[in-house]
Every structure is written in structure tokens, then in C-alpha cells.
Amino acid sequence: MPKNIKILFVDDDLTSIEYFKISFSDKYNILTAQSGEEGLDILQKHENIALILTDHRMPQMSGISFLKKSMKYSPDSKRILITGYSENDLVIRAINEGHIFYFIVKPWSFTDMSVAINNALETYNLRVTNKKLKLLNEQKERENIEVQLKNLQAQINPHFLF
């Protein structure tokens, strides 16, 4: 994956932020925030963030609340929730409200995180490619309709009839 892929990592724990940056900044463009509010500010300033990872338990705004609000600014991003707590209702809320792609329990290992990131980015790339192909297909359909309309207009042109 090219280094231009943007990943946003949100956690109130500086140690977690530094470990994530050290682990993945050689492959990806890592953006970090220490709060949900700071994360939302970053999302407003940066386009095409492929992946958002966030801790769940943070002061002022939970990870699920942050992910829910992030949909407004970055609807195509894949989302991963990281937490030390794995209650079933938390996971269900994260899926339903935060639209998470994956759920990682702390402490996470480099291998598990790498697999989750690779899967999320692969899914993100497929989604982006699908959107581009859909737009291209719609454009081709419009062009085809325009050609058919011109052909019909030429058939009813009075000069053509006489």
C-alpha cells in the first residue's frame, strides 16, 4: 500500500498514539488526535481518510460517539474501534451506531492490528473503485442516451424527410 494512504488514530493515551505511529508510519500517512473533538477537526481538514481507528473510553466523547459523528465528514472511511472492554452490547452499539468494520481488544498486537488494517484498506479501496466505476458507467449511459436522442432528432429533421 502506498504511503499516501491516510489513517486517523484517535486515543487519549499518548503511549498508544506513539506506539501506533512507530508501528505504521513507515507504510501509511498517520494522523493522530487525543480526543474525539480533535479527531473531528482533522476529518474536516483532510480529505480521503481511508481508515479511522479510535479508542472507545475517552473523556468527553466516547469512541462510538466519535465514529457516529465522523460519518458526516468521512462517510467512506472504514472504522475500527479499539477498547479494553468487550461487552456484547458495546460491540452491537459500535456496529449499529459507529458503523465499525472491525473491533480490536486492548492490548493489541502488531500482527492483529496489521491484519485488521490491511483488510479494512482492501475493503476501502474496493468501495472507492466501485464508486468510480459506477460514476463512469452513469456517464457512459448519459452519453449513450444523448447519441440516441441526436439520432432521433436527425430522423425527424425536415431536411432529412424531403
# chains A, B, ... in the order shown; residues from 1 in each chain; ligands from 1

call {"tool": "residues_around", "arguments": {"residues": "Ser114 in chain A", "least_positions_apart": "2", "cutoff": "12 Å", "atoms": "only C-alpha atoms", "output": "list of chain:residue names"}}
result
A:Phe20, A:Ser23, A:Phe24, A:Lys27, A:Tyr28, A:Ile104, A:Trp108, A:Ser109, A:Phe110, A:Thr111, A:Asp112, A:Ala116, A:Ile117, A:Asn118, A:Asn119, A:Ala120, A:Leu121

call {"tool": "write_last_selection", "arguments": {"atoms": "all heavy atoms", "output": "compact mmCIF listing (two decimals), in the first residue's frame"}}
result
# COMPACT_ATOMS: atom_id res chain seq x y z
N PHE A 20 1.40 3.33 17.96
CA PHE A 20 0.75 3.16 16.66
C PHE A 20 1.57 3.87 15.57
O PHE A 20 1.80 3.31 14.50
CB PHE A 20 -0.68 3.69 16.70
CG PHE A 20 -1.45 3.36 15.46
CD1 PHE A 20 -2.09 2.14 15.32
CD2 PHE A 20 -1.53 4.27 14.41
CE1 PHE A 20 -2.79 1.81 14.17
CE2 PHE A 20 -2.23 3.96 13.25
CZ PHE A 20 -2.85 2.73 13.13
N SER A 23 4.70 1.99 14.81
CA SER A 23 4.40 0.71 14.15
C SER A 23 4.01 0.87 12.69
O SER A 23 4.31 0.00 11.87
CB SER A 23 3.27 -0.01 14.89
OG SER A 23 3.65 -0.29 16.22
N PHE A 24 3.33 1.96 12.33
CA PHE A 24 2.72 2.03 11.00
C PHE A 24 3.08 3.25 10.16
O PHE A 24 2.67 3.32 9.00
CB PHE A 24 1.19 1.92 11.13
CG PHE A 24 0.75 0.61 11.71
CD1 PHE A 24 0.35 0.53 13.03
CD2 PHE A 24 0.78 -0.55 10.94
CE1 PHE A 24 -0.04 -0.69 13.57
CE2 PHE A 24 0.40 -1.76 11.48
CZ PHE A 24 -0.02 -1.84 12.80
N LYS A 27 4.57 2.85 6.55
CA LYS A 27 3.72 2.41 5.43
C LYS A 27 2.60 3.38 5.11
O LYS A 27 2.13 3.43 3.97
CB LYS A 27 3.09 1.05 5.74
CG LYS A 27 4.07 -0.11 5.72
CD LYS A 27 3.38 -1.40 6.08
CE LYS A 27 2.58 -1.91 4.91
NZ LYS A 27 2.02 -3.24 5.17
N TYR A 28 2.13 4.14 6.09
CA TYR A 28 0.94 4.96 5.92
C TYR A 28 1.17 6.38 6.43
O TYR A 28 2.06 6.62 7.24
CB TYR A 28 -0.25 4.36 6.69
CG TYR A 28 -0.49 2.91 6.39
CD1 TYR A 28 -0.22 1.93 7.34
CD2 TYR A 28 -0.97 2.50 5.15
CE1 TYR A 28 -0.44 0.58 7.07
CE2 TYR A 28 -1.18 1.16 4.87
CZ TYR A 28 -0.92 0.20 5.83
OH TYR A 28 -1.12 -1.12 5.55
N ILE A 104 -11.25 -4.29 17.90
CA ILE A 104 -9.99 -4.80 18.43
C ILE A 104 -9.95 -4.58 19.94
O ILE A 104 -10.23 -3.48 20.42
CB ILE A 104 -8.78 -4.11 17.76
CG1 ILE A 104 -8.76 -4.46 16.27
CG2 ILE A 104 -7.48 -4.51 18.44
CD1 ILE A 104 -7.63 -3.82 15.51
N TRP A 108 -3.53 -4.64 21.94
CA TRP A 108 -3.49 -5.24 20.61
C TRP A 108 -2.06 -5.58 20.23
O TRP A 108 -1.11 -4.96 20.68
CB TRP A 108 -4.13 -4.31 19.57
CG TRP A 108 -3.63 -2.90 19.57
CD1 TRP A 108 -4.14 -1.84 20.26
CD2 TRP A 108 -2.51 -2.38 18.84
NE1 TRP A 108 -3.42 -0.70 20.00
CE2 TRP A 108 -2.41 -1.00 19.13
CE3 TRP A 108 -1.59 -2.92 17.96
CZ2 TRP A 108 -1.45 -0.17 18.57
CZ3 TRP A 108 -0.61 -2.11 17.41
CH2 TRP A 108 -0.55 -0.75 17.71
N SER A 109 -1.95 -6.59 19.38
CA SER A 109 -0.62 -6.97 18.89
C SER A 109 -0.41 -6.35 17.52
O SER A 109 -1.36 -6.06 16.80
CB SER A 109 -0.50 -8.49 18.79
OG SER A 109 -1.29 -8.98 17.72
N PHE A 110 0.83 -6.18 17.16
CA PHE A 110 1.17 -5.62 15.86
C PHE A 110 0.58 -6.47 14.74
O PHE A 110 0.03 -5.95 13.78
CB PHE A 110 2.69 -5.50 15.70
CG PHE A 110 3.11 -5.04 14.34
CD1 PHE A 110 3.06 -3.70 14.00
CD2 PHE A 110 3.53 -5.96 13.38
CE1 PHE A 110 3.43 -3.27 12.73
CE2 PHE A 110 3.91 -5.54 12.12
CZ PHE A 110 3.86 -4.20 11.79
N THR A 111 0.67 -7.78 14.88
CA THR A 111 0.17 -8.69 13.85
C THR A 111 -1.34 -8.56 13.67
O THR A 111 -1.83 -8.42 12.55
CB THR A 111 0.53 -10.16 14.19
OG1 THR A 111 1.95 -10.24 14.35
CG2 THR A 111 0.08 -11.10 13.11
N ASP A 112 -2.08 -8.60 14.78
CA ASP A 112 -3.54 -8.47 14.70
C ASP A 112 -3.95 -7.12 14.12
O ASP A 112 -4.86 -7.04 13.28
CB ASP A 112 -4.18 -8.65 16.08
CG ASP A 112 -4.07 -10.07 16.59
OD1 ASP A 112 -3.81 -10.98 15.79
OD2 ASP A 112 -4.24 -10.26 17.82
N ALA A 116 -5.99 -6.39 10.56
CA ALA A 116 -7.22 -5.59 10.56
C ALA A 116 -7.08 -4.39 9.62
O ALA A 116 -7.99 -4.08 8.85
CB ALA A 116 -7.54 -5.13 11.98
N ILE A 117 -5.94 -3.71 9.66
CA ILE A 117 -5.72 -2.55 8.80
C ILE A 117 -5.71 -2.97 7.34
O ILE A 117 -6.35 -2.33 6.49
CB ILE A 117 -4.41 -1.83 9.19
CG1 ILE A 117 -4.60 -1.11 10.53
CG2 ILE A 117 -3.98 -0.85 8.10
CD1 ILE A 117 -3.32 -0.52 11.10
N ASN A 118 -4.99 -4.04 7.02
CA ASN A 118 -4.94 -4.49 5.62
C ASN A 118 -6.32 -4.86 5.09
O ASN A 118 -6.68 -4.49 3.97
CB ASN A 118 -3.99 -5.68 5.47
CG ASN A 118 -2.54 -5.27 5.60
OD1 ASN A 118 -2.18 -4.13 5.33
ND2 ASN A 118 -1.70 -6.21 6.01
N ASN A 119 -7.11 -5.57 5.90
CA ASN A 119 -8.46 -5.94 5.47
C ASN A 119 -9.34 -4.70 5.29
O ASN A 119 -10.11 -4.61 4.33
CB ASN A 119 -9.10 -6.90 6.47
CG ASN A 119 -8.46 -8.27 6.43
OD1 ASN A 119 -7.80 -8.65 5.48
ND2 ASN A 119 -8.65 -9.03 7.50
N ALA A 120 -9.24 -3.77 6.22
CA ALA A 120 -10.04 -2.54 6.13
C ALA A 120 -9.66 -1.73 4.89
O ALA A 120 -10.54 -1.22 4.18
CB ALA A 120 -9.88 -1.71 7.40
N LEU A 121 -8.37 -1.60 4.63
CA LEU A 121 -7.93 -0.81 3.48
C LEU A 121 -8.28 -1.49 2.16
O LEU A 121 -8.62 -0.81 1.18
CB LEU A 121 -6.42 -0.54 3.56
CG LEU A 121 -5.99 0.38 4.70
CD1 LEU A 121 -4.48 0.51 4.74
CD2 LEU A 121 -6.66 1.74 4.58

call {"tool": "residues_around", "arguments": {"residues": "Phe101 in chain A", "least_positions_apart": "3", "cutoff": "8 Å", "atoms": "only C-alpha atoms", "output": "JSON, numbers by chain"}}
result
{"A": [78, 79, 80, 95, 120]}

call {"tool": "select_by_dssp", "arguments": {"residues": "range 38-92 of chain A", "states": "alpha helix (DSSP H)", "output": "list in words"}}
result
Glu38, Gly39, Leu40, Asp41, Ile42, Leu43, Gln44, Lys45, Gly63, Ile64, Ser65, Phe66, Leu67, Lys68, Lys69, Ser70, Met71, Lys72, Tyr73, Asn88, Asp89, Leu90, Val91 and Ile92 of chain A

call {"tool": "atom_distance", "arguments": {"atom1": "CA of Asn48 in chain A", "atom2": "CA of Leu67 in chain A"}}
result
15.7 Å

call {"tool": "closest_residue", "arguments": {"among": "A:Asn4, A:Thr129, A:Ser65, A:Thr83", "to": "Ser25 in chain A", "atoms": "only C-alpha atoms"}}
result
A:Asn4

call {"tool": "closest_residue", "arguments": {"among": "A:Lys45, A:Lys150, A:Lys6, A:Lys131", "to": "Leu31 in chain A", "atoms": "only C-alpha atoms"}}
result
A:Lys6

call {"tool": "residues_around", "arguments": {"residues": "Asp13 in chain A", "least_positions_apart": "3", "cutoff": "9 Å", "atoms": "only C-alpha atoms", "output": "ChimeraX atom specification"}}
result
/A:10,16-18,34,55,58

call {"tool": "write_last_selection", "arguments": {"atoms": "C-alpha atoms", "output": "PDB file, in the first residue's frame"}}
result
ATOM      1  CA  VAL A  10      -7.680   8.707  17.995  1.00  0.00           C
ATOM      2  CA  SER A  16      -0.883   4.257  22.430  1.00  0.00           C
ATOM      3  CA  ILE A  17      -0.609   7.042  19.854  1.00  0.00           C
ATOM      4  CA  GLU A  18       3.201   6.841  19.819  1.00  0.00           C
ATOM      5  CA  GLN A  34      -6.100  12.840  21.548  1.00  0.00           C
ATOM      6  CA  ASP A  55     -10.247   4.045  21.449  1.00  0.00           C
ATOM      7  CA  MET A  58     -12.104   8.649  26.222  1.00  0.00           C
TER       8      MET A  58
END

call {"tool": "residues_around", "arguments": {"residues": "Ala94 in chain A", "least_positions_apart": "3", "cutoff": "9 Å", "atoms": "only C-alpha atoms", "output": "MDAnalysis selection string"}}
result
chainID A and resid 63:65 67:68 81 89:91 97:100 103

call {"tool": "closest_residue", "arguments": {"among": "A:Ser35, A:Ile7, A:Ile92, A:His46", "to": "Tyr124 in chain A", "atoms": "only C-alpha atoms"}}
result
A:Ile7

call {"tool": "atom_distance", "arguments": {"atom1": "CA of Met61 in chain A", "atom2": "CA of Ile82 in chain A"}}
result
14.2 Å

call {"tool": "decode", "arguments": {"residues": "range 1-44 of chain A", "atoms": "N, CA and C atoms", "output": "mmCIF file, in the first residue's frame"}}
result
data_model
loop_
_atom_site.group_PDB
_atom_site.id
_atom_site.type_symbol
_atom_site.label_atom_id
_atom_site.label_comp_id
_atom_site.auth_asym_id
_atom_site.auth_seq_id
_atom_site.Cartn_x
_atom_site.Cartn_y
_atom_site.Cartn_z
ATOM 1 N N MET A 1 0.851 -1.178 0.000
ATOM 2 C CA MET A 1 0.000 0.000 0.000
ATOM 3 C C MET A 1 0.897 1.243 0.000
ATOM 4 N N PRO A 2 0.542 2.234 -0.804
ATOM 5 C CA PRO A 2 1.376 3.431 -0.855
ATOM 6 C C PRO A 2 1.275 4.280 0.401
ATOM 7 N N LYS A 3 2.329 5.043 0.669
ATOM 8 C CA LYS A 3 2.421 5.887 1.868
ATOM 9 C C LYS A 3 1.362 6.989 1.887
ATOM 10 N N ASN A 4 0.729 7.279 0.743
ATOM 11 C CA ASN A 4 -0.248 8.362 0.702
ATOM 12 C C ASN A 4 -1.603 7.978 1.288
ATOM 13 N N ILE A 5 -1.749 6.764 1.747
ATOM 14 C CA ILE A 5 -2.992 6.347 2.392
ATOM 15 C C ILE A 5 -3.044 6.966 3.784
ATOM 16 N N LYS A 6 -4.136 7.690 4.045
ATOM 17 C CA LYS A 6 -4.278 8.381 5.328
ATOM 18 C C LYS A 6 -5.062 7.530 6.323
ATOM 19 N N ILE A 7 -4.507 7.432 7.516
ATOM 20 C CA ILE A 7 -5.152 6.736 8.628
ATOM 21 C C ILE A 7 -5.217 7.701 9.803
ATOM 22 N N LEU A 8 -6.401 7.812 10.390
ATOM 23 C CA LEU A 8 -6.575 8.644 11.584
ATOM 24 C C LEU A 8 -6.668 7.728 12.801
ATOM 25 N N PHE A 9 -5.809 7.986 13.793
ATOM 26 C CA PHE A 9 -5.787 7.217 15.035
ATOM 27 C C PHE A 9 -6.130 8.157 16.179
ATOM 28 N N VAL A 10 -7.202 7.846 16.912
ATOM 29 C CA VAL A 10 -7.680 8.707 17.995
ATOM 30 C C VAL A 10 -7.624 7.938 19.311
ATOM 31 N N ASP A 11 -6.899 8.490 20.272
ATOM 32 C CA ASP A 11 -6.788 7.873 21.595
ATOM 33 C C ASP A 11 -6.321 8.941 22.573
ATOM 34 N N ASP A 12 -6.853 8.941 23.772
ATOM 35 C CA ASP A 12 -6.429 9.915 24.770
ATOM 36 C C ASP A 12 -5.115 9.519 25.437
ATOM 37 N N ASP A 13 -4.639 8.313 25.153
ATOM 38 C CA ASP A 13 -3.395 7.811 25.733
ATOM 39 C C ASP A 13 -2.235 8.060 24.759
ATOM 40 N N LEU A 14 -1.322 8.960 25.147
ATOM 41 C CA LEU A 14 -0.186 9.300 24.282
ATOM 42 C C LEU A 14 0.704 8.102 23.974
ATOM 43 N N THR A 15 0.828 7.183 24.911
ATOM 44 C CA THR A 15 1.649 5.990 24.692
ATOM 45 C C THR A 15 1.077 5.157 23.549
ATOM 46 N N SER A 16 -0.237 5.003 23.511
ATOM 47 C CA SER A 16 -0.883 4.257 22.430
ATOM 48 C C SER A 16 -0.678 4.948 21.089
ATOM 49 N N ILE A 17 -0.808 6.271 21.087
ATOM 50 C CA ILE A 17 -0.609 7.042 19.854
ATOM 51 C C ILE A 17 0.818 6.844 19.338
ATOM 52 N N GLU A 18 1.798 6.977 20.233
ATOM 53 C CA GLU A 18 3.201 6.841 19.819
ATOM 54 C C GLU A 18 3.496 5.432 19.314
ATOM 55 N N TYR A 19 2.981 4.421 19.999
ATOM 56 C CA TYR A 19 3.203 3.037 19.571
ATOM 57 C C TYR A 19 2.594 2.804 18.190
ATOM 58 N N PHE A 20 1.401 3.327 17.964
ATOM 59 C CA PHE A 20 0.753 3.163 16.662
ATOM 60 C C PHE A 20 1.568 3.873 15.574
ATOM 61 N N LYS A 21 1.997 5.094 15.851
ATOM 62 C CA LYS A 21 2.792 5.842 14.869
ATOM 63 C C LYS A 21 4.097 5.121 14.545
ATOM 64 N N ILE A 22 4.781 4.645 15.570
ATOM 65 C CA ILE A 22 6.045 3.931 15.356
ATOM 66 C C ILE A 22 5.802 2.661 14.535
ATOM 67 N N SER A 23 4.700 1.987 14.814
ATOM 68 C CA SER A 23 4.402 0.715 14.150
ATOM 69 C C SER A 23 4.011 0.869 12.690
ATOM 70 N N PHE A 24 3.327 1.963 12.331
ATOM 71 C CA PHE A 24 2.715 2.030 10.999
ATOM 72 C C PHE A 24 3.078 3.252 10.157
ATOM 73 N N SER A 25 3.835 4.186 10.688
ATOM 74 C CA SER A 25 4.124 5.396 9.914
ATOM 75 C C SER A 25 5.066 5.151 8.740
ATOM 76 N N ASP A 26 5.764 4.016 8.733
ATOM 77 C CA ASP A 26 6.624 3.706 7.583
ATOM 78 C C ASP A 26 5.803 3.315 6.356
ATOM 79 N N LYS A 27 4.566 2.847 6.546
ATOM 80 C CA LYS A 27 3.724 2.415 5.426
ATOM 81 C C LYS A 27 2.596 3.384 5.105
ATOM 82 N N TYR A 28 2.133 4.136 6.094
ATOM 83 C CA TYR A 28 0.941 4.963 5.917
ATOM 84 C C TYR A 28 1.174 6.379 6.429
ATOM 85 N N ASN A 29 0.331 7.278 5.969
ATOM 86 C CA ASN A 29 0.321 8.649 6.456
ATOM 87 C C ASN A 29 -0.582 8.666 7.696
ATOM 88 N N ILE A 30 0.027 8.706 8.867
ATOM 89 C CA ILE A 30 -0.711 8.600 10.127
ATOM 90 C C ILE A 30 -1.045 9.990 10.664
ATOM 91 N N LEU A 31 -2.334 10.224 10.871
ATOM 92 C CA LEU A 31 -2.814 11.431 11.531
ATOM 93 C C LEU A 31 -3.289 11.000 12.915
ATOM 94 N N THR A 32 -3.046 11.825 13.928
ATOM 95 C CA THR A 32 -3.431 11.428 15.281
ATOM 96 C C THR A 32 -4.195 12.543 15.985
ATOM 97 N N ALA A 33 -5.028 12.109 16.930
ATOM 98 C CA ALA A 33 -5.781 13.037 17.763
ATOM 99 C C ALA A 33 -5.902 12.432 19.151
ATOM 100 N N GLN A 34 -5.976 13.302 20.170
ATOM 101 C CA GLN A 34 -6.100 12.840 21.548
ATOM 102 C C GLN A 34 -7.521 12.914 22.067
ATOM 103 N N SER A 35 -8.455 13.326 21.219
ATOM 104 C CA SER A 35 -9.860 13.393 21.638
ATOM 105 C C SER A 35 -10.754 13.288 20.411
ATOM 106 N N GLY A 36 -12.015 12.993 20.661
ATOM 107 C CA GLY A 36 -12.974 12.935 19.579
ATOM 108 C C GLY A 36 -13.124 14.269 18.871
ATOM 109 N N GLU A 37 -13.149 15.354 19.646
ATOM 110 C CA GLU A 37 -13.278 16.697 19.054
ATOM 111 C C GLU A 37 -12.101 17.003 18.131
ATOM 112 N N GLU A 38 -10.901 16.676 18.603
ATOM 113 C CA GLU A 38 -9.705 16.896 17.784
ATOM 114 C C GLU A 38 -9.761 16.025 16.530
ATOM 115 N N GLY A 39 -10.254 14.794 16.667
ATOM 116 C CA GLY A 39 -10.406 13.906 15.524
ATOM 117 C C GLY A 39 -11.380 14.461 14.497
ATOM 118 N N LEU A 40 -12.484 15.035 14.962
ATOM 119 C CA LEU A 40 -13.462 15.636 14.044
ATOM 120 C C LEU A 40 -12.861 16.839 13.320
ATOM 121 N N ASP A 41 -12.044 17.625 14.021
ATOM 122 C CA ASP A 41 -11.360 18.752 13.375
ATOM 123 C C ASP A 41 -10.450 18.257 12.249
ATOM 124 N N ILE A 42 -9.730 17.187 12.502
ATOM 125 C CA ILE A 42 -8.844 16.617 11.486
ATOM 126 C C ILE A 42 -9.661 16.129 10.295
ATOM 127 N N LEU A 43 -10.782 15.472 10.545
ATOM 128 C CA LEU A 43 -11.629 14.984 9.457
ATOM 129 C C LEU A 43 -12.168 16.122 8.593
ATOM 130 N N GLN A 44 -12.419 17.275 9.199
ATOM 131 C CA GLN A 44 -12.902 18.430 8.442
ATOM 132 C C GLN A 44 -11.810 19.028 7.563
#
